[in-house]
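**Q** The structure follows.
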Number of protein chains: 4
Amino acid sequence: MSDWSSPVRYAEVDQQGVVFNSHYLLYCDEAMGAFCLARGLREFVERVRLATSTLTWRGPAHWGDTVEVDVRCTRLGRTSATLSFDIRASGRECCTVETVYVLADLAGGPVPIPDDVRAALTA
Amino acid sequence: MSDWSSPVRYAEVDQQGVVFNSHYLLYCDEAMGAFCLARGLREFVERVRLATSTLTWRGPAHWGDTVEVDVRCTRLGRTSATLSFDIRASGRECCTVETVYVLADLAGGPVPIPDDVRAALTA
Amino acid sequence: MSDWSSPVRYAEVDQQGVVFNSHYLLYCDEAMGAFCLARGLREFVERVRLATSTLTWRGPAHWGDTVEVDVRCTRLGRTSATLSFDIRASGRECCTVETVYVLADLAGGPVPIPDDVRAALTA
Amino acid sequence: MSDWSSPVRYAEVDQQGVVFNSHYLLYCDEAMGAFCLARGLREFVERVRLATSTLTWRGPAHWGDTVEVDVRCTRLGRTSATLSFDIRASGRECCTVETVYVLADLAGGPVPIPDDVRAALTA
């Protein structure tokens, strides 16, 4: 089972008949939330900020498709975590995304990721 | 000159080649903000909530069109104001919207619209 | 069971912490599609255009809520159908929407709604 | 003067009070269109597809900010062009994006970028 899935919404499809590119980041945001909440990491979700995100498109998604996203934590730094998103549309390879999140204090500065969060992210 | 205008964004157009219906409420929200800020009503913008909104579509807007919105205050109640939005796409009649806003206190309850706000809305 | 439901997406919530108003039309669009597809009315979905839509907001929806939409056909004209949408957020009353759809030919002109479609809409 | 600019829209800001991450790709899409149309490259806009996009966030954008985007072509391959986007919010550094576009034929296969297009992209 995937970490997050949703039917493509009609409003997400552009006049070329494919999901508009920016919506893939929205799918990843929802999948990241689901991935973390399933691991009890609600506070982590609310305290990270995005550093970088790289999207590679491999094929289109259309109205009628169901989007499925798998999430894995592929790298852990002292204050950052890299999540990889594998997005499929009705089973077809569609887009992969790699995003680096930095844990931040209230002033926005980076803080070390606690050990229990590290364990949960890579469980 | 209109109260607010913007080129149609590519992502706003659906696979039938027309601006998706929900975006008209977004245009009105921006136009309402511009209308009120131009009258010094920033606090009013931040303290109203939407009660009802009625949209009547009269023709499509396409990628390449510029959307223009004219705003008028067409009715003032004790705690509510009705704004009418006339939306054109590259000069063509496109959509009219009528929205009732209620001025609210921090708890969300309706409060009377002050006289200076009433004067500014209908100036 | 509702005709359509979805968790509120984080990107749908504005800086007041509530679902931004325009997204309710998007929810209705998805619910209308689900309602019609469940009745075998795919061609109807693809050939109607929106005439008018009236939204009445009754309470906010927040991140963490699940939005549920119930759809009923409340009026049938010769070329138009009125659908009513009852939107709840985690069970709380949230927004009601009434939308008039007109069945159109390829040139956009209104055409009579066939009897089998009328029967399916009100079944 | 920037290649594209727009006030931040209220609906683009999330409940943390900053522009939601996916909208930066939408800004780039508009800026890419403006950049190409200003160089007479409308057909190029309509025939490219996105291969990869890398976003690096450097600071937030808020409601009230005006977003400005500068576009440069930073690399030209045989069938691909890399555009770099420098996004500022009311003058502050905000996000940089690098996107690789591939020119495609109707079947979606890559085709060489013509010399006049190459010249226009790097002019």
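Chains: A, B, ... in order of the structure tokens. Residues: from 1 per chain. Ligands: from 1, in order shown.
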Taking the chain letters and numbering used in this document, name the residues of chain A that DSSP puts in strand (DSSP E or B), as a count of residues only.
**A** 51
**Q** Excluding stretch 101-117 of chain A and its own-chain neighbours fewer than 4 positions away, which residues fall within 8 Å of it when counting only C-alpha atoms? Please give them as a PyMOL selection string.
**A** chain A and resi 41+44+47-52+78-83+121
**Q** Show me which bits of chain A are within 6 Å of chain B, counting only C-alpha atoms, as a list in words.
**A** Val13, Asp14, Gln15 and Gly17 of chain A
**Q** Would you please extract all helix (DSSP H, G or I) residues from chain A, as assigned by DSSP on the backbone, and give them as a PDB file with C-alpha atoms, in the first residue's frame?
**A**
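What landed in result28.pdb:
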ATOM      1  CA  TYR A  10     -10.195  17.631 -12.741  1.00  0.00           C
ATOM      2  CA  ALA A  11      -8.890  21.089 -11.788  1.00  0.00           C
ATOM      3  CA  GLU A  12      -5.337  19.711 -11.605  1.00  0.00           C
ATOM      4  CA  HIS A  23       0.722  19.834  -8.312  1.00  0.00           C
ATOM      5  CA  TYR A  24       3.417  17.163  -7.876  1.00  0.00           C
ATOM      6  CA  LEU A  25       4.880  19.210  -5.022  1.00  0.00           C
ATOM      7  CA  LEU A  26       1.430  19.355  -3.459  1.00  0.00           C
ATOM      8  CA  TYR A  27       1.113  15.559  -3.711  1.00  0.00           C
ATOM      9  CA  CYS A  28       4.514  15.208  -2.029  1.00  0.00           C
ATOM     10  CA  ASP A  29       3.470  17.573   0.739  1.00  0.00           C
ATOM     11  CA  GLU A  30       0.424  15.441   1.510  1.00  0.00           C
ATOM     12  CA  ALA A  31       2.463  12.236   1.273  1.00  0.00           C
ATOM     13  CA  MET A  32       5.141  13.649   3.597  1.00  0.00           C
ATOM     14  CA  GLY A  33       2.449  14.531   6.121  1.00  0.00           C
ATOM     15  CA  ALA A  34       0.892  11.065   5.941  1.00  0.00           C
ATOM     16  CA  PHE A  35       4.321   9.385   6.172  1.00  0.00           C
ATOM     17  CA  CYS A  36       5.241  11.368   9.282  1.00  0.00           C
ATOM     18  CA  LEU A  37       1.862  11.173  11.027  1.00  0.00           C
ATOM     19  CA  ARG A  42       3.411  15.432  13.935  1.00  0.00           C
ATOM     20  CA  GLU A  43       5.694  17.917  15.695  1.00  0.00           C
ATOM     21  CA  PHE A  44       8.428  17.180  13.138  1.00  0.00           C
ATOM     22  CA  VAL A  45       5.991  17.968  10.288  1.00  0.00           C
ATOM     23  CA  GLU A  46       5.157  21.308  11.838  1.00  0.00           C
ATOM     24  CA  ARG A  47       8.736  22.329  12.506  1.00  0.00           C
ATOM     25  CA  ASP A 115      17.368  10.385  18.011  1.00  0.00           C
ATOM     26  CA  ASP A 116      13.793   9.138  18.365  1.00  0.00           C
ATOM     27  CA  VAL A 117      12.773  11.112  15.264  1.00  0.00           C
ATOM     28  CA  ARG A 118      15.765   9.681  13.364  1.00  0.00           C
ATOM     29  CA  ALA A 119      14.715   6.185  14.353  1.00  0.00           C
ATOM     30  CA  ALA A 120      11.094   6.751  13.329  1.00  0.00           C
ATOM     31  CA  LEU A 121      12.053   8.263   9.959  1.00  0.00           C
ATOM     32  CA  THR A 122      14.141   5.258   8.993  1.00  0.00           C
TER      33      THR A 122
END
**Q** Pick out the closest residue to D:Gly40 from this set: D:Trp57, D:Gly77, D:Glu93, D:Ala123. Count only C-alpha atoms.
**A**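 Ranked by minimum distance to D:Gly40, first place goes to D:Ala123.
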**Q** Please compute the atom CA of B:Leu76-atom CA of B:Arg58 distance, one decimal, in Å.
**A**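 Atom CA of B:Arg58 lies 26.1 Å from atom CA of B:Leu76.
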